[in-house]
Amino acid sequence: MKNLLAVGAMALLLLATAPSSAEEMPSAAPLFALTLTTPDDKPMSFASLKGKPLIVNFWARWCGPCRKEIPDLAEMHAKYHAKGLVIVGVAVEDAGNRDSVREFAKAYEMNYALVIGGVQTSVELMQALGNPKSGLPFTIVIDRQGKIVAKKLGAMNKTDMESAIKQVL
C-alpha cells in the first residue's frame with residue numbers, strides 16, 4: 001500500500017509540474033507583425049505568409065552549426081516547396097552587411113526566401129518566439145493556422161526537419 005501511494009503521489013507531482021504543449025509554444029504573432037527586407041533590399045511582410053506551412057530559421061554567417069544545416073534546409077525547400085512549404089532564413093546581421101549576406105547565400109546555394117533581421121530586431125524576435133538566450137541557429141515551424149508546432153535551438157538534422165514538415169503539410 002505504501003508503494004502504491006508513493007507511485008500515485010509521484011504521478012500527481014509529475015502531472016502538476018509538466019507544462020502543457022500549449023504553454024510550451026509561444027505565439028507567432030510577433031513574427032507575423034514584422035516586415036523585414038531581403039538581401040536585395042525589398043520588403044517582405046511575414047503577414048503575407050499567414051495560412052502557409054512555414055519554417056523560419058535564424059542564422060548568421062559566422063555560425064558553424066548554421067552553415068551545417070543550410071544545405072539541409074535548401075534540400076527541404078526543393079523537396080517540399082511545390083507542396084506549399086515556405087522556408088524563410090532570417091539573417092541575424094545588420095543591413096550594412098547586405099552584400100556579404102547576398103554573397104554568402106549564393107555560395108551556400110540558399111534557394112529559399114531570405115530576409116535580414118538586423119541584430120537587435122532578430123534577438124528580440126527570437127526571445128519572443130521562445131529562445132530566451134538568442135542562440136543560433138534557431139528554427140520554428142508554423143502550421144497553416146499560424147501556430148508554432150515545433151521549435152529547435154541548435155542545428156536540426158534531416159530527420160527532425162522531415163518530422164516537423166510532416167506536422168504542417
# chains A, B, ... in the order shown; residues from 1 in each chain; ligands from 1
>>> closest_atom_pairs(of="range 51-161 of chain A", to="range 25-40 of chain A", cutoff="10 Å", atoms="only C-alpha atoms", output="Markdown table")
| residue | atom | partner | partner_atom | distance |
| --- | --- | --- | --- | --- |
| A:Val56 | CA | A:Leu31 | CA | 9.5 |
| A:Gly89 | CA | A:Thr38 | CA | 9.9 |
| A:Val90 | CA | A:Leu36 | CA | 8.9 |
| A:Ala91 | CA | A:Pro39 | CA | 9.2 |
| A:Ala95 | CA | A:Pro39 | CA | 8.3 |
| A:Asn97 | CA | A:Pro39 | CA | 8.9 |
| A:Arg98 | CA | A:Pro39 | CA | 5.3 |
| A:Asp99 | CA | A:Pro39 | CA | 7.2 |
| A:Ser100 | CA | A:Pro39 | CA | 9.0 |
| A:Val101 | CA | A:Pro39 | CA | 6.6 |
| A:Arg102 | CA | A:Pro39 | CA | 5.6 |
| A:Glu103 | CA | A:Pro39 | CA | 9.4 |
| A:Ala105 | CA | A:Pro39 | CA | 9.1 |
| A:Ala113 | CA | A:Thr38 | CA | 8.0 |
| A:Leu114 | CA | A:Thr38 | CA | 5.8 |
| A:Val115 | CA | A:Thr38 | CA | 4.2 |
| A:Ile116 | CA | A:Thr37 | CA | 5.8 |
| A:Gly117 | CA | A:Leu36 | CA | 6.2 |
| A:Gly118 | CA | A:Leu36 | CA | 8.8 |
| A:Thr121 | CA | A:Leu36 | CA | 9.6 |
| A:Glu124 | CA | A:Pro30 | CA | 9.6 |
| A:Leu125 | CA | A:Pro30 | CA | 6.9 |
| A:Met126 | CA | A:Leu31 | CA | 9.2 |
| A:Gln127 | CA | A:Pro26 | CA | 9.8 |
| A:Ala128 | CA | A:Pro30 | CA | 7.0 |
| A:Leu129 | CA | A:Pro26 | CA | 5.6 |
| A:Gly130 | CA | A:Pro26 | CA | 6.0 |
| A:Asn131 | CA | A:Pro26 | CA | 9.8 |
| A:Ile140 | CA | A:Ala28 | CA | 9.1 |
| A:Val141 | CA | A:Ala28 | CA | 9.7 |
| A:Ile142 | CA | A:Ala28 | CA | 7.8 |
| A:Gly146 | CA | A:Ala28 | CA | 6.6 |
| A:Lys147 | CA | A:Ala28 | CA | 6.3 |
| A:Ile148 | CA | A:Met25 | CA | 6.1 |
| A:Val149 | CA | A:Met25 | CA | 7.0 |
| A:Ala150 | CA | A:Met25 | CA | 7.5 |
| A:Lys151 | CA | A:Met25 | CA | 7.9 |
>>> write_last_selection(atoms="N, CA and C atoms", output="mmCIF file, in the first residue's frame")
data_model
loop_
_atom_site.group_PDB
_atom_site.id
_atom_site.type_symbol
_atom_site.label_atom_id
_atom_site.label_comp_id
_atom_site.auth_asym_id
_atom_site.auth_seq_id
_atom_site.Cartn_x
_atom_site.Cartn_y
_atom_site.Cartn_z
ATOM 1 N N VAL A 56 10.861 28.959 -40.197
ATOM 2 C CA VAL A 56 11.653 30.177 -40.071
ATOM 3 C C VAL A 56 12.935 29.805 -39.331
ATOM 4 N N GLY A 89 14.833 32.148 -44.231
ATOM 5 C CA GLY A 89 16.025 32.306 -43.418
ATOM 6 C C GLY A 89 16.131 33.751 -42.973
ATOM 7 N N VAL A 90 16.250 33.953 -41.668
ATOM 8 C CA VAL A 90 16.408 35.297 -41.119
ATOM 9 C C VAL A 90 17.871 35.475 -40.741
ATOM 10 N N ALA A 91 18.579 36.293 -41.510
ATOM 11 C CA ALA A 91 19.983 36.560 -41.236
ATOM 12 C C ALA A 91 20.087 37.496 -40.040
ATOM 13 N N ALA A 95 21.834 45.548 -41.623
ATOM 14 C CA ALA A 95 21.548 45.872 -43.023
ATOM 15 C C ALA A 95 22.808 46.284 -43.784
ATOM 16 N N ASN A 97 25.451 44.827 -43.871
ATOM 17 C CA ASN A 97 26.113 43.607 -44.347
ATOM 18 C C ASN A 97 25.352 42.952 -45.489
ATOM 19 N N ARG A 98 24.463 43.692 -46.110
ATOM 20 C CA ARG A 98 23.589 43.171 -47.175
ATOM 21 C C ARG A 98 24.386 42.451 -48.271
ATOM 22 N N ASP A 99 25.462 43.063 -48.748
ATOM 23 C CA ASP A 99 26.265 42.446 -49.815
ATOM 24 C C ASP A 99 26.892 41.135 -49.345
ATOM 25 N N SER A 100 27.395 41.122 -48.131
ATOM 26 C CA SER A 100 28.007 39.907 -47.586
ATOM 27 C C SER A 100 26.980 38.792 -47.437
ATOM 28 N N VAL A 101 25.781 39.147 -46.996
ATOM 29 C CA VAL A 101 24.707 38.152 -46.860
ATOM 30 C C VAL A 101 24.348 37.598 -48.232
ATOM 31 N N ARG A 102 24.244 38.477 -49.206
ATOM 32 C CA ARG A 102 23.899 38.040 -50.571
ATOM 33 C C ARG A 102 24.969 37.090 -51.120
ATOM 34 N N GLU A 103 26.238 37.431 -50.934
ATOM 35 C CA GLU A 103 27.341 36.581 -51.398
ATOM 36 C C GLU A 103 27.349 35.236 -50.669
ATOM 37 N N ALA A 105 24.773 33.727 -49.257
ATOM 38 C CA ALA A 105 23.602 32.962 -49.714
ATOM 39 C C ALA A 105 23.871 32.303 -51.064
ATOM 40 N N ALA A 113 13.587 31.692 -49.323
ATOM 41 C CA ALA A 113 13.445 33.121 -49.031
ATOM 42 C C ALA A 113 14.400 33.542 -47.911
ATOM 43 N N LEU A 114 14.993 34.715 -48.086
ATOM 44 C CA LEU A 114 15.908 35.254 -47.091
ATOM 45 C C LEU A 114 15.540 36.690 -46.763
ATOM 46 N N VAL A 115 15.663 37.018 -45.490
ATOM 47 C CA VAL A 115 15.499 38.397 -45.039
ATOM 48 C C VAL A 115 16.637 38.720 -44.079
ATOM 49 N N ILE A 116 16.905 40.006 -43.942
ATOM 50 C CA ILE A 116 17.916 40.464 -42.988
ATOM 51 C C ILE A 116 17.176 41.040 -41.793
ATOM 52 N N GLY A 117 17.407 40.425 -40.643
ATOM 53 C CA GLY A 117 16.648 40.800 -39.455
ATOM 54 C C GLY A 117 17.226 41.961 -38.683
ATOM 55 N N GLY A 118 18.502 42.256 -38.898
ATOM 56 C CA GLY A 118 19.152 43.209 -38.003
ATOM 57 C C GLY A 118 19.427 42.493 -36.690
ATOM 58 N N THR A 121 16.733 43.491 -33.690
ATOM 59 C CA THR A 121 15.389 43.002 -34.008
ATOM 60 C C THR A 121 15.347 41.483 -33.967
ATOM 61 N N GLU A 124 15.477 40.222 -30.303
ATOM 62 C CA GLU A 124 14.183 40.437 -29.644
ATOM 63 C C GLU A 124 13.127 39.465 -30.167
ATOM 64 N N LEU A 125 13.133 39.227 -31.474
ATOM 65 C CA LEU A 125 12.165 38.308 -32.072
ATOM 66 C C LEU A 125 12.412 36.881 -31.597
ATOM 67 N N MET A 126 13.660 36.441 -31.591
ATOM 68 C CA MET A 126 13.957 35.083 -31.110
ATOM 69 C C MET A 126 13.505 34.912 -29.668
ATOM 70 N N GLN A 127 13.738 35.912 -28.840
ATOM 71 C CA GLN A 127 13.314 35.826 -27.441
ATOM 72 C C GLN A 127 11.799 35.722 -27.349
ATOM 73 N N ALA A 128 11.086 36.499 -28.147
ATOM 74 C CA ALA A 128 9.617 36.454 -28.134
ATOM 75 C C ALA A 128 9.090 35.120 -28.650
ATOM 76 N N LEU A 129 9.876 34.447 -29.490
ATOM 77 C CA LEU A 129 9.446 33.176 -30.075
ATOM 78 C C LEU A 129 9.932 31.959 -29.290
ATOM 79 N N GLY A 130 10.500 32.184 -28.121
ATOM 80 C CA GLY A 130 10.853 31.069 -27.253
ATOM 81 C C GLY A 130 12.320 30.703 -27.206
ATOM 82 N N ASN A 131 13.193 31.632 -27.541
ATOM 83 C CA ASN A 131 14.638 31.402 -27.474
ATOM 84 C C ASN A 131 15.226 32.491 -26.568
ATOM 85 N N ILE A 140 11.817 27.735 -36.020
ATOM 86 C CA ILE A 140 10.435 27.488 -35.607
ATOM 87 C C ILE A 140 9.667 26.959 -36.812
ATOM 88 N N VAL A 141 8.681 26.131 -36.521
ATOM 89 C CA VAL A 141 7.827 25.544 -37.548
ATOM 90 C C VAL A 141 6.403 25.970 -37.231
ATOM 91 N N ILE A 142 5.726 26.551 -38.222
ATOM 92 C CA ILE A 142 4.391 27.127 -38.022
ATOM 93 C C ILE A 142 3.412 26.441 -38.958
ATOM 94 N N GLY A 146 -1.235 29.279 -38.223
ATOM 95 C CA GLY A 146 -0.381 30.303 -37.631
ATOM 96 C C GLY A 146 0.145 29.947 -36.258
ATOM 97 N N LYS A 147 0.061 28.666 -35.875
ATOM 98 C CA LYS A 147 0.542 28.222 -34.565
ATOM 99 C C LYS A 147 1.923 27.605 -34.695
ATOM 100 N N ILE A 148 2.789 27.937 -33.764
ATOM 101 C CA ILE A 148 4.100 27.296 -33.710
ATOM 102 C C ILE A 148 3.888 25.869 -33.211
ATOM 103 N N VAL A 149 4.309 24.905 -34.005
ATOM 104 C CA VAL A 149 4.139 23.494 -33.630
ATOM 105 C C VAL A 149 5.463 22.852 -33.227
ATOM 106 N N ALA A 150 6.577 23.490 -33.562
ATOM 107 C CA ALA A 150 7.884 22.972 -33.178
ATOM 108 C C ALA A 150 8.880 24.119 -33.148
ATOM 109 N N LYS A 151 9.871 23.971 -32.276
ATOM 110 C CA LYS A 151 10.963 24.939 -32.232
ATOM 111 C C LYS A 151 12.217 24.187 -31.838
#
>>> residues_around(residues="Leu153 in chain A", least_positions_apart="4", cutoff="7 Å", atoms="only C-alpha atoms", output="CSV table (one decimal) with C-alpha atoms, in the first residue's frame")
chain,number,residue,atom,x,y,z
A,135,GLY,CA,21.3,31.2,-29.5
A,136,LEU,CA,21.9,30.2,-33.1
A,137,PRO,CA,20.7,28.5,-35.2
A,138,PHE,CA,17.1,28.7,-34.0
A,139,THR,CA,14.2,27.3,-36.0
>>> residues_around(residues="Cys63 in chain A", least_positions_apart="2", cutoff="12 Å", atoms="only C-alpha atoms", output="JSON, numbers by chain")
{"A": [58, 59, 60, 61, 65, 66, 67, 68, 69, 70, 91, 92, 93, 135, 136, 137, 138, 154, 155]}
>>> write_last_selection(atoms="N, CA and C atoms", output="PDB file, in the first residue's frame")
ATOM      1  N   PHE A  58      16.627  31.169 -38.032  1.00  0.00           N
ATOM      2  CA  PHE A  58      17.516  32.281 -37.714  1.00  0.00           C
ATOM      3  C   PHE A  58      18.955  31.787 -37.818  1.00  0.00           C
ATOM      4  N   TRP A  59      19.790  32.508 -38.545  1.00  0.00           N
ATOM      5  CA  TRP A  59      21.152  32.072 -38.810  1.00  0.00           C
ATOM      6  C   TRP A  59      22.073  33.281 -38.923  1.00  0.00           C
ATOM      7  N   ALA A  60      23.368  33.006 -38.933  1.00  0.00           N
ATOM      8  CA  ALA A  60      24.375  34.050 -39.161  1.00  0.00           C
ATOM      9  C   ALA A  60      25.544  33.437 -39.932  1.00  0.00           C
ATOM     10  N   ARG A  61      26.244  34.268 -40.676  1.00  0.00           N
ATOM     11  CA  ARG A  61      27.369  33.791 -41.496  1.00  0.00           C
ATOM     12  C   ARG A  61      28.474  33.175 -40.659  1.00  0.00           C
ATOM     13  N   PRO A  65      27.228  25.814 -36.784  1.00  0.00           N
ATOM     14  CA  PRO A  65      26.073  24.928 -36.914  1.00  0.00           C
ATOM     15  C   PRO A  65      25.058  25.423 -37.960  1.00  0.00           C
ATOM     16  N   CYS A  66      24.977  26.736 -38.132  1.00  0.00           N
ATOM     17  CA  CYS A  66      24.085  27.291 -39.167  1.00  0.00           C
ATOM     18  C   CYS A  66      24.561  26.832 -40.543  1.00  0.00           C
ATOM     19  N   ARG A  67      25.851  26.950 -40.759  1.00  0.00           N
ATOM     20  CA  ARG A  67      26.438  26.556 -42.042  1.00  0.00           C
ATOM     21  C   ARG A  67      26.188  25.075 -42.320  1.00  0.00           C
ATOM     22  N   LYS A  68      26.191  24.286 -41.252  1.00  0.00           N
ATOM     23  CA  LYS A  68      25.977  22.842 -41.407  1.00  0.00           C
ATOM     24  C   LYS A  68      24.548  22.518 -41.836  1.00  0.00           C
ATOM     25  N   GLU A  69      23.564  23.248 -41.295  1.00  0.00           N
ATOM     26  CA  GLU A  69      22.173  22.896 -41.592  1.00  0.00           C
ATOM     27  C   GLU A  69      21.614  23.586 -42.837  1.00  0.00           C
ATOM     28  N   ILE A  70      22.269  24.615 -43.347  1.00  0.00           N
ATOM     29  CA  ILE A  70      21.765  25.337 -44.519  1.00  0.00           C
ATOM     30  C   ILE A  70      21.554  24.412 -45.725  1.00  0.00           C
ATOM     31  N   ALA A  91      18.579  36.293 -41.510  1.00  0.00           N
ATOM     32  CA  ALA A  91      19.983  36.560 -41.236  1.00  0.00           C
ATOM     33  C   ALA A  91      20.087  37.496 -40.040  1.00  0.00           C
ATOM     34  N   VAL A  92      20.769  37.034 -39.020  1.00  0.00           N
ATOM     35  CA  VAL A  92      20.995  37.861 -37.835  1.00  0.00           C
ATOM     36  C   VAL A  92      22.228  38.713 -38.149  1.00  0.00           C
ATOM     37  N   GLU A  93      21.990  39.706 -38.963  1.00  0.00           N
ATOM     38  CA  GLU A  93      23.031  40.592 -39.489  1.00  0.00           C
ATOM     39  C   GLU A  93      22.443  41.992 -39.578  1.00  0.00           C
ATOM     40  N   GLY A 135      20.325  32.040 -28.896  1.00  0.00           N
ATOM     41  CA  GLY A 135      21.346  31.217 -29.527  1.00  0.00           C
ATOM     42  C   GLY A 135      20.995  30.900 -30.972  1.00  0.00           C
ATOM     43  N   LEU A 136      22.025  30.534 -31.739  1.00  0.00           N
ATOM     44  CA  LEU A 136      21.855  30.203 -33.148  1.00  0.00           C
ATOM     45  C   LEU A 136      22.426  28.823 -33.440  1.00  0.00           C
ATOM     46  N   PRO A 137      21.895  28.184 -34.456  1.00  0.00           N
ATOM     47  CA  PRO A 137      20.685  28.515 -35.197  1.00  0.00           C
ATOM     48  C   PRO A 137      19.451  28.264 -34.337  1.00  0.00           C
ATOM     49  N   PHE A 138      18.371  28.899 -34.724  1.00  0.00           N
ATOM     50  CA  PHE A 138      17.086  28.734 -34.038  1.00  0.00           C
ATOM     51  C   PHE A 138      16.017  28.625 -35.116  1.00  0.00           C
ATOM     52  N   GLY A 154      19.604  25.183 -31.968  1.00  0.00           N
ATOM     53  CA  GLY A 154      20.668  24.311 -32.448  1.00  0.00           C
ATOM     54  C   GLY A 154      20.285  23.769 -33.816  1.00  0.00           C
ATOM     55  N   ALA A 155      21.260  23.184 -34.482  1.00  0.00           N
ATOM     56  CA  ALA A 155      21.030  22.690 -35.842  1.00  0.00           C
ATOM     57  C   ALA A 155      20.041  21.522 -35.841  1.00  0.00           C
TER      58      ALA A 155
END
>>> select_by_dssp(residues="range 69-119 of chain A", states="helix (DSSP H, G or I)", output="list in words")
Glu69, Ile70, Pro71, Asp72, Leu73, Ala74, Glu75, Met76, His77, Ala78, Lys79, Tyr80, His81, Ala82, Lys83, Ala95, Gly96, Asn97, Arg98, Asp99, Ser100, Val101, Arg102, Glu103, Phe104, Ala105, Lys106, Ala107 and Val119 of chain A
>>> select_by_dssp(residues="range 52-142 of chain A", states="strand (DSSP E)", output="list in words")
Leu54, Ile55, Val56, Asn57, Phe58, Trp59, Val86, Ile87, Val88, Gly89, Val90, Ala91, Ala113, Leu114, Val115, Ile116, Phe138, Thr139, Ile140, Val141 and Ile142 of chain A
>>> residues_around(residues="Lys158 in chain A", least_positions_apart="3", cutoff="9 Å", atoms="only C-alpha atoms", output="list in words")
Glu69, Asp72, Leu73, Met76, Met161, Glu162 and Ser163 of chain A
>>> residues_around(residues="Lys52 in chain A", least_positions_apart="5", cutoff="12 Å", atoms="only C-alpha atoms", output="mmCIF file with N, CA and C atoms, in the first residue's frame")
data_model
loop_
_atom_site.group_PDB
_atom_site.id
_atom_site.type_symbol
_atom_site.label_atom_id
_atom_site.label_comp_id
_atom_site.auth_asym_id
_atom_site.auth_seq_id
_atom_site.Cartn_x
_atom_site.Cartn_y
_atom_site.Cartn_z
ATOM 1 N N PHE A 32 4.505 37.563 -37.326
ATOM 2 C CA PHE A 32 3.563 37.994 -38.356
ATOM 3 C C PHE A 32 3.349 39.507 -38.363
ATOM 4 N N PHE A 46 5.847 39.244 -43.163
ATOM 5 C CA PHE A 46 5.513 37.905 -42.695
ATOM 6 C C PHE A 46 4.000 37.699 -42.666
ATOM 7 N N ALA A 47 3.233 38.779 -42.563
ATOM 8 C CA ALA A 47 1.768 38.654 -42.599
ATOM 9 C C ALA A 47 1.313 38.027 -43.913
ATOM 10 N N HIS A 81 8.650 22.579 -51.529
ATOM 11 C CA HIS A 81 8.120 23.874 -51.977
ATOM 12 C C HIS A 81 6.851 23.702 -52.815
ATOM 13 N N LYS A 83 4.634 21.617 -52.520
ATOM 14 C CA LYS A 83 3.512 21.231 -51.663
ATOM 15 C C LYS A 83 3.056 22.387 -50.775
ATOM 16 N N GLY A 84 3.676 23.564 -50.972
ATOM 17 C CA GLY A 84 3.242 24.754 -50.247
ATOM 18 C C GLY A 84 4.127 25.186 -49.096
ATOM 19 N N LEU A 85 5.137 24.399 -48.744
ATOM 20 C CA LEU A 85 6.009 24.772 -47.637
ATOM 21 C C LEU A 85 6.841 26.004 -48.007
ATOM 22 N N VAL A 86 6.903 26.951 -47.071
ATOM 23 C CA VAL A 86 7.722 28.145 -47.250
ATOM 24 C C VAL A 86 8.816 28.112 -46.188
ATOM 25 N N ILE A 87 10.040 28.257 -46.627
ATOM 26 C CA ILE A 87 11.177 28.357 -45.705
ATOM 27 C C ILE A 87 11.733 29.763 -45.824
ATOM 28 N N VAL A 88 11.932 30.394 -44.661
ATOM 29 C CA VAL A 88 12.498 31.740 -44.627
ATOM 30 C C VAL A 88 13.706 31.716 -43.707
ATOM 31 N N VAL A 141 8.681 26.131 -36.521
ATOM 32 C CA VAL A 141 7.827 25.544 -37.548
ATOM 33 C C VAL A 141 6.403 25.970 -37.231
ATOM 34 N N ILE A 142 5.726 26.551 -38.222
ATOM 35 C CA ILE A 142 4.391 27.127 -38.022
ATOM 36 C C ILE A 142 3.412 26.441 -38.958
ATOM 37 N N ASP A 143 2.251 26.063 -38.426
ATOM 38 C CA ASP A 143 1.244 25.403 -39.258
ATOM 39 C C ASP A 143 0.385 26.424 -40.004
ATOM 40 N N ARG A 144 -0.548 25.926 -40.796
ATOM 41 C CA ARG A 144 -1.399 26.798 -41.617
ATOM 42 C C ARG A 144 -2.306 27.702 -40.772
ATOM 43 N N GLN A 145 -2.536 27.342 -39.518
ATOM 44 C CA GLN A 145 -3.355 28.168 -38.630
ATOM 45 C C GLN A 145 -2.527 29.252 -37.939
ATOM 46 N N GLY A 146 -1.235 29.279 -38.223
ATOM 47 C CA GLY A 146 -0.381 30.303 -37.631
ATOM 48 C C GLY A 146 0.145 29.947 -36.258
ATOM 49 N N LYS A 147 0.061 28.666 -35.875
ATOM 50 C CA LYS A 147 0.542 28.222 -34.565
ATOM 51 C C LYS A 147 1.923 27.605 -34.695
ATOM 52 N N ILE A 165 8.157 18.991 -40.778
ATOM 53 C CA ILE A 165 7.456 19.338 -42.012
ATOM 54 C C ILE A 165 6.168 18.524 -42.160
ATOM 55 N N VAL A 168 3.078 19.935 -40.556
ATOM 56 C CA VAL A 168 2.427 21.138 -41.078
ATOM 57 C C VAL A 168 1.912 21.008 -42.508
ATOM 58 N N LEU A 169 2.282 19.958 -43.222
ATOM 59 C CA LEU A 169 1.787 19.807 -44.604
ATOM 60 C C LEU A 169 0.451 19.081 -44.637
#
>>> atom_distance(atom1="CA of Gly64 in chain A", atom2="CA of Thr159 in chain A")
19.6 Å
>>> atom_distance(atom1="CA of Glu109 in chain A", atom2="CA of Lys133 in chain A")
28.5 Å
>>> decode(residues="range 36-93 of chain A", atoms="C-alpha atoms", output="mmCIF file, in the first residue's frame")
data_model
loop_
_atom_site.group_PDB
_atom_site.id
_atom_site.type_symbol
_atom_site.label_atom_id
_atom_site.label_comp_id
_atom_site.auth_asym_id
_atom_site.auth_seq_id
_atom_site.Cartn_x
_atom_site.Cartn_y
_atom_site.Cartn_z
ATOM 1 C CA LEU A 36 11.888 42.787 -42.982
ATOM 2 C CA THR A 37 13.989 43.381 -46.082
ATOM 3 C CA THR A 38 15.563 40.847 -48.399
ATOM 4 C CA PRO A 39 19.268 40.938 -49.286
ATOM 5 C CA ASP A 40 18.109 42.779 -52.448
ATOM 6 C CA ASP A 41 16.554 45.472 -50.220
ATOM 7 C CA LYS A 42 12.928 44.536 -50.974
ATOM 8 C CA PRO A 43 10.360 44.413 -48.159
ATOM 9 C CA MET A 44 8.891 41.059 -47.139
ATOM 10 C CA SER A 45 5.912 41.016 -44.804
ATOM 11 C CA PHE A 46 5.513 37.905 -42.695
ATOM 12 C CA ALA A 47 1.768 38.654 -42.599
ATOM 13 C CA SER A 48 1.704 37.684 -46.284
ATOM 14 C CA LEU A 49 2.775 34.173 -45.247
ATOM 15 C CA LYS A 50 -0.153 33.529 -42.905
ATOM 16 C CA GLY A 51 -2.047 30.403 -43.868
ATOM 17 C CA LYS A 52 1.033 28.691 -45.281
ATOM 18 C CA PRO A 53 3.132 25.992 -43.632
ATOM 19 C CA LEU A 54 6.262 27.822 -42.632
ATOM 20 C CA ILE A 55 9.770 27.151 -41.365
ATOM 21 C CA VAL A 56 11.653 30.177 -40.071
ATOM 22 C CA ASN A 57 15.358 29.677 -39.453
ATOM 23 C CA PHE A 58 17.516 32.281 -37.714
ATOM 24 C CA TRP A 59 21.152 32.072 -38.810
ATOM 25 C CA ALA A 60 24.375 34.050 -39.161
ATOM 26 C CA ARG A 61 27.369 33.791 -41.496
ATOM 27 C CA TRP A 62 29.786 33.228 -38.612
ATOM 28 C CA CYS A 63 27.698 30.407 -37.063
ATOM 29 C CA GLY A 64 29.218 26.957 -37.700
ATOM 30 C CA PRO A 65 26.073 24.928 -36.914
ATOM 31 C CA CYS A 66 24.085 27.291 -39.167
ATOM 32 C CA ARG A 67 26.438 26.556 -42.042
ATOM 33 C CA LYS A 68 25.977 22.842 -41.407
ATOM 34 C CA GLU A 69 22.173 22.896 -41.592
ATOM 35 C CA ILE A 70 21.765 25.337 -44.519
ATOM 36 C CA PRO A 71 22.226 22.618 -47.187
ATOM 37 C CA ASP A 72 19.528 20.515 -45.484
ATOM 38 C CA LEU A 73 17.145 23.482 -45.459
ATOM 39 C CA ALA A 74 17.849 24.014 -49.163
ATOM 40 C CA GLU A 75 17.112 20.334 -49.779
ATOM 41 C CA MET A 76 13.822 20.561 -47.843
ATOM 42 C CA HIS A 77 12.859 23.639 -49.845
ATOM 43 C CA ALA A 78 13.499 21.820 -53.122
ATOM 44 C CA LYS A 79 11.564 18.778 -51.909
ATOM 45 C CA TYR A 80 8.503 20.458 -50.347
ATOM 46 C CA HIS A 81 8.120 23.874 -51.977
ATOM 47 C CA ALA A 82 5.669 22.509 -54.546
ATOM 48 C CA LYS A 83 3.512 21.231 -51.663
ATOM 49 C CA GLY A 84 3.242 24.754 -50.247
ATOM 50 C CA LEU A 85 6.009 24.772 -47.637
ATOM 51 C CA VAL A 86 7.722 28.145 -47.250
ATOM 52 C CA ILE A 87 11.177 28.357 -45.705
ATOM 53 C CA VAL A 88 12.498 31.740 -44.627
ATOM 54 C CA GLY A 89 16.025 32.306 -43.418
ATOM 55 C CA VAL A 90 16.408 35.297 -41.119
ATOM 56 C CA ALA A 91 19.983 36.560 -41.236
ATOM 57 C CA VAL A 92 20.995 37.861 -37.835
ATOM 58 C CA GLU A 93 23.031 40.592 -39.489
#
